[in-house]
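See structure below.
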Amino acid sequence: MSGPSPTIVLYTKPGCGLCDEARTILDGLLAERAANGRPSAPVEERNILTDKAWEREFFEEIPVVEVGQRRLALATSAARLRQLLAETLDRAQISP
């Protein structure tokens with residue numbers, strides 16, 4: 001039995017080149033997963049400048065990718081993002 005896929009949250013801010021890079025990598029990895037029949041999830045992008053708590057928490061760590069209870073700071077490594085997606089999305093797919 002499969003459970004619902006969690007939402008992938010990408011914390012960014014305007015003008016952040018690393019955030020643009022993370023978005024591109026994430027989009028590519030999700031397309032790759034879909035092409036291989038692996039579970040995917042929607043991406044919700046959050047601008048940290050719209051929430052003081054997010055800004056305080058993530059200002060020095062963006063881009064941050066969060067899936068379920070897992071969080072990856074400075075998320076610009078395709079390998080680390082691929083691993084995070086595998087560990088969270090594949091696990092969500094098989095959870096009762």
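Going by the structure tokens order, chains are called A, B, ..., each with residues numbered from 1, while ligands are numbered from 1 in the order shown.
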
| If we count only C-alpha atoms, what is near Leu85 (chain A) at a cut-off of 12 Å, once residues fewer than 4 positions away on the same chain are taken out, given as number ranges by chain? | A: 5-9, 25-27, 29-30, 32-33, 38-43, 65-68, 70-72, 75, 78-81, 89-93

Residues from last step as file, N, CA and C atoms, as an mmCIF file, in the first residue's frame:
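Printed below is part20.cif as written:
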```
data_model
loop_
_atom_site.group_PDB
_atom_site.id
_atom_site.type_symbol
_atom_site.label_atom_id
_atom_site.label_comp_id
_atom_site.auth_asym_id
_atom_site.auth_seq_id
_atom_site.Cartn_x
_atom_site.Cartn_y
_atom_site.Cartn_z
ATOM 1 N N SER A 5 2.420 11.180 -1.164
ATOM 2 C CA SER A 5 3.753 11.768 -1.230
ATOM 3 C C SER A 5 3.750 13.107 -0.515
ATOM 4 N N PRO A 6 4.796 13.368 0.267
ATOM 5 C CA PRO A 6 4.873 14.664 0.933
ATOM 6 C C PRO A 6 5.188 15.773 -0.069
ATOM 7 N N THR A 7 4.918 16.982 0.324
ATOM 8 C CA THR A 7 5.287 18.134 -0.486
ATOM 9 C C THR A 7 6.768 18.430 -0.264
ATOM 10 N N ILE A 8 7.445 18.818 -1.327
ATOM 11 C CA ILE A 8 8.836 19.239 -1.250
ATOM 12 C C ILE A 8 8.814 20.753 -1.090
ATOM 13 N N VAL A 9 9.431 21.252 -0.040
ATOM 14 C CA VAL A 9 9.468 22.692 0.207
ATOM 15 C C VAL A 9 10.874 23.196 -0.110
ATOM 16 N N ILE A 25 18.237 21.884 -10.385
ATOM 17 C CA ILE A 25 18.629 20.513 -10.048
ATOM 18 C C ILE A 25 17.419 19.715 -9.585
ATOM 19 N N LEU A 26 16.624 20.303 -8.716
ATOM 20 C CA LEU A 26 15.444 19.628 -8.184
ATOM 21 C C LEU A 26 14.459 19.292 -9.299
ATOM 22 N N ASP A 27 14.208 20.242 -10.187
ATOM 23 C CA ASP A 27 13.305 19.994 -11.319
ATOM 24 C C ASP A 27 13.816 18.838 -12.178
ATOM 25 N N LEU A 29 15.845 16.347 -11.260
ATOM 26 C CA LEU A 29 15.759 15.083 -10.521
ATOM 27 C C LEU A 29 14.322 14.569 -10.473
ATOM 28 N N LEU A 30 13.370 15.467 -10.302
ATOM 29 C CA LEU A 30 11.968 15.047 -10.275
ATOM 30 C C LEU A 30 11.516 14.547 -11.643
ATOM 31 N N GLU A 32 13.503 13.152 -13.845
ATOM 32 C CA GLU A 32 14.177 11.855 -13.973
ATOM 33 C C GLU A 32 13.408 10.766 -13.225
ATOM 34 N N ARG A 33 12.968 11.086 -12.017
ATOM 35 C CA ARG A 33 12.195 10.123 -11.227
ATOM 36 C C ARG A 33 10.891 9.775 -11.936
ATOM 37 N N ARG A 38 9.255 6.413 -10.759
ATOM 38 C CA ARG A 38 9.451 6.524 -9.313
ATOM 39 C C ARG A 38 8.563 7.638 -8.771
ATOM 40 N N PRO A 39 8.225 7.568 -7.487
ATOM 41 C CA PRO A 39 7.344 8.573 -6.906
ATOM 42 C C PRO A 39 7.938 9.981 -6.974
ATOM 43 N N SER A 40 7.051 10.941 -7.132
ATOM 44 C CA SER A 40 7.432 12.343 -7.167
ATOM 45 C C SER A 40 6.558 13.084 -6.164
ATOM 46 N N ALA A 41 6.675 14.372 -6.138
ATOM 47 C CA ALA A 41 5.876 15.194 -5.232
ATOM 48 C C ALA A 41 5.867 16.622 -5.753
ATOM 49 N N PRO A 42 4.842 17.375 -5.380
ATOM 50 C CA PRO A 42 4.825 18.788 -5.772
ATOM 51 C C PRO A 42 5.880 19.581 -5.010
ATOM 52 N N VAL A 43 6.344 20.650 -5.643
ATOM 53 C CA VAL A 43 7.323 21.540 -5.017
ATOM 54 C C VAL A 43 6.618 22.834 -4.643
ATOM 55 N N VAL A 65 16.004 22.602 1.231
ATOM 56 C CA VAL A 65 14.950 21.721 0.737
ATOM 57 C C VAL A 65 14.476 20.883 1.912
ATOM 58 N N GLU A 66 13.150 20.839 2.071
ATOM 59 C CA GLU A 66 12.543 20.107 3.163
ATOM 60 C C GLU A 66 11.521 19.131 2.581
ATOM 61 N N VAL A 67 11.622 17.871 3.005
ATOM 62 C CA VAL A 67 10.667 16.853 2.584
ATOM 63 C C VAL A 67 10.249 16.102 3.840
ATOM 64 N N GLY A 68 8.989 16.214 4.201
ATOM 65 C CA GLY A 68 8.540 15.588 5.447
ATOM 66 C C GLY A 68 9.312 16.161 6.614
ATOM 67 N N ARG A 70 12.568 15.733 7.021
ATOM 68 C CA ARG A 70 13.981 15.844 6.631
ATOM 69 C C ARG A 70 14.255 17.195 5.995
ATOM 70 N N ARG A 71 15.425 17.731 6.267
ATOM 71 C CA ARG A 71 15.805 19.046 5.743
ATOM 72 C C ARG A 71 17.253 18.995 5.271
ATOM 73 N N LEU A 72 17.496 19.605 4.112
ATOM 74 C CA LEU A 72 18.842 19.690 3.550
ATOM 75 C C LEU A 72 19.165 21.160 3.318
ATOM 76 N N ALA A 75 21.336 23.297 -0.348
ATOM 77 C CA ALA A 75 20.962 22.173 -1.212
ATOM 78 C C ALA A 75 21.309 22.429 -2.679
ATOM 79 N N ALA A 78 23.530 17.726 -6.464
ATOM 80 C CA ALA A 78 22.580 16.799 -7.081
ATOM 81 C C ALA A 78 22.598 15.459 -6.359
ATOM 82 N N ALA A 79 23.764 15.003 -5.956
ATOM 83 C CA ALA A 79 23.865 13.710 -5.274
ATOM 84 C C ALA A 79 23.130 13.728 -3.936
ATOM 85 N N ARG A 80 23.313 14.790 -3.188
ATOM 86 C CA ARG A 80 22.638 14.883 -1.880
ATOM 87 C C ARG A 80 21.138 15.054 -2.037
ATOM 88 N N LEU A 81 20.708 15.821 -3.042
ATOM 89 C CA LEU A 81 19.277 15.972 -3.298
ATOM 90 C C LEU A 81 18.675 14.656 -3.788
ATOM 91 N N LEU A 89 10.786 10.139 -0.580
ATOM 92 C CA LEU A 89 9.683 9.820 -1.497
ATOM 93 C C LEU A 89 9.486 8.322 -1.658
ATOM 94 N N ASP A 90 10.571 7.570 -1.772
ATOM 95 C CA ASP A 90 10.432 6.122 -1.912
ATOM 96 C C ASP A 90 9.875 5.516 -0.635
ATOM 97 N N ARG A 91 10.297 6.021 0.492
ATOM 98 C CA ARG A 91 9.779 5.536 1.785
ATOM 99 C C ARG A 91 8.299 5.876 1.931
ATOM 100 N N ALA A 92 7.890 7.067 1.512
ATOM 101 C CA ALA A 92 6.471 7.462 1.595
ATOM 102 C C ALA A 92 5.628 6.553 0.716
ATOM 103 N N GLN A 93 6.187 6.110 -0.390
ATOM 104 C CA GLN A 93 5.459 5.262 -1.334
ATOM 105 C C GLN A 93 5.133 3.898 -0.714
#
```

| task | Skip Tyr11 (chain A) itself and residues of its chain fewer than 5 positions away, then list as a ChimeraX atom specification all residues within 10 Å of it, counting only C-alpha atoms. | result | /A:19,22-23,44-49,54-55,58-59,61-66,73,75

Include N, CA and C atoms and write out the residues we just selected as a PDB file, in the first residue's frame.
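Final output, out-v2.pdb:
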```pdb
ATOM      1  N   CYS A  19      19.891  29.453  -5.106  1.00  0.00           N
ATOM      2  CA  CYS A  19      18.496  29.003  -5.085  1.00  0.00           C
ATOM      3  C   CYS A  19      18.045  28.628  -6.490  1.00  0.00           C
ATOM      4  N   ALA A  22      19.552  25.273  -7.221  1.00  0.00           N
ATOM      5  CA  ALA A  22      18.849  24.205  -6.519  1.00  0.00           C
ATOM      6  C   ALA A  22      17.524  23.886  -7.202  1.00  0.00           C
ATOM      7  N   ARG A  23      16.798  24.914  -7.627  1.00  0.00           N
ATOM      8  CA  ARG A  23      15.513  24.730  -8.315  1.00  0.00           C
ATOM      9  C   ARG A  23      15.716  23.937  -9.601  1.00  0.00           C
ATOM     10  N   GLU A  44       6.782  23.231  -3.404  1.00  0.00           N
ATOM     11  CA  GLU A  44       6.255  24.503  -2.914  1.00  0.00           C
ATOM     12  C   GLU A  44       7.446  25.394  -2.602  1.00  0.00           C
ATOM     13  N   GLU A  45       7.568  26.490  -3.322  1.00  0.00           N
ATOM     14  CA  GLU A  45       8.688  27.405  -3.093  1.00  0.00           C
ATOM     15  C   GLU A  45       8.251  28.481  -2.108  1.00  0.00           C
ATOM     16  N   ARG A  46       9.097  28.726  -1.101  1.00  0.00           N
ATOM     17  CA  ARG A  46       8.800  29.727  -0.077  1.00  0.00           C
ATOM     18  C   ARG A  46       9.911  30.765  -0.030  1.00  0.00           C
ATOM     19  N   ASN A  47       9.532  32.009  -0.191  1.00  0.00           N
ATOM     20  CA  ASN A  47      10.454  33.135  -0.102  1.00  0.00           C
ATOM     21  C   ASN A  47      10.658  33.462   1.375  1.00  0.00           C
ATOM     22  N   ILE A  48      11.870  33.285   1.874  1.00  0.00           N
ATOM     23  CA  ILE A  48      12.118  33.492   3.302  1.00  0.00           C
ATOM     24  C   ILE A  48      11.914  34.943   3.728  1.00  0.00           C
ATOM     25  N   LEU A  49      11.954  35.868   2.790  1.00  0.00           N
ATOM     26  CA  LEU A  49      11.784  37.278   3.139  1.00  0.00           C
ATOM     27  C   LEU A  49      10.338  37.630   3.452  1.00  0.00           C
ATOM     28  N   TRP A  54      11.174  32.376   9.095  1.00  0.00           N
ATOM     29  CA  TRP A  54      11.937  31.699   8.037  1.00  0.00           C
ATOM     30  C   TRP A  54      13.237  32.437   7.762  1.00  0.00           C
ATOM     31  N   GLU A  55      13.146  33.770   7.733  1.00  0.00           N
ATOM     32  CA  GLU A  55      14.346  34.556   7.446  1.00  0.00           C
ATOM     33  C   GLU A  55      15.414  34.328   8.517  1.00  0.00           C
ATOM     34  N   PHE A  58      16.664  30.464   8.139  1.00  0.00           N
ATOM     35  CA  PHE A  58      17.286  29.972   6.917  1.00  0.00           C
ATOM     36  C   PHE A  58      18.206  30.951   6.200  1.00  0.00           C
ATOM     37  N   PHE A  59      18.332  32.187   6.678  1.00  0.00           N
ATOM     38  CA  PHE A  59      19.065  33.221   5.946  1.00  0.00           C
ATOM     39  C   PHE A  59      20.447  32.776   5.485  1.00  0.00           C
ATOM     40  N   GLU A  61      21.505  29.648   5.249  1.00  0.00           N
ATOM     41  CA  GLU A  61      21.512  28.262   4.786  1.00  0.00           C
ATOM     42  C   GLU A  61      20.791  28.041   3.465  1.00  0.00           C
ATOM     43  N   ILE A  62      20.166  29.082   2.891  1.00  0.00           N
ATOM     44  CA  ILE A  62      19.407  28.847   1.665  1.00  0.00           C
ATOM     45  C   ILE A  62      20.349  28.554   0.512  1.00  0.00           C
ATOM     46  N   PRO A  63      19.929  27.770  -0.416  1.00  0.00           N
ATOM     47  CA  PRO A  63      18.627  27.130  -0.522  1.00  0.00           C
ATOM     48  C   PRO A  63      18.492  25.951   0.442  1.00  0.00           C
ATOM     49  N   VAL A  64      17.297  25.814   0.991  1.00  0.00           N
ATOM     50  CA  VAL A  64      16.991  24.709   1.887  1.00  0.00           C
ATOM     51  C   VAL A  64      15.848  23.921   1.262  1.00  0.00           C
ATOM     52  N   VAL A  65      16.004  22.602   1.231  1.00  0.00           N
ATOM     53  CA  VAL A  65      14.950  21.721   0.737  1.00  0.00           C
ATOM     54  C   VAL A  65      14.476  20.883   1.912  1.00  0.00           C
ATOM     55  N   GLU A  66      13.150  20.839   2.071  1.00  0.00           N
ATOM     56  CA  GLU A  66      12.543  20.107   3.163  1.00  0.00           C
ATOM     57  C   GLU A  66      11.521  19.131   2.581  1.00  0.00           C
ATOM     58  N   ALA A  73      20.152  21.669   4.061  1.00  0.00           N
ATOM     59  CA  ALA A  73      20.584  23.062   3.919  1.00  0.00           C
ATOM     60  C   ALA A  73      21.638  23.160   2.822  1.00  0.00           C
ATOM     61  N   ALA A  75      21.336  23.297  -0.348  1.00  0.00           N
ATOM     62  CA  ALA A  75      20.962  22.173  -1.212  1.00  0.00           C
ATOM     63  C   ALA A  75      21.309  22.429  -2.679  1.00  0.00           C
TER      64      ALA A  75
END
```
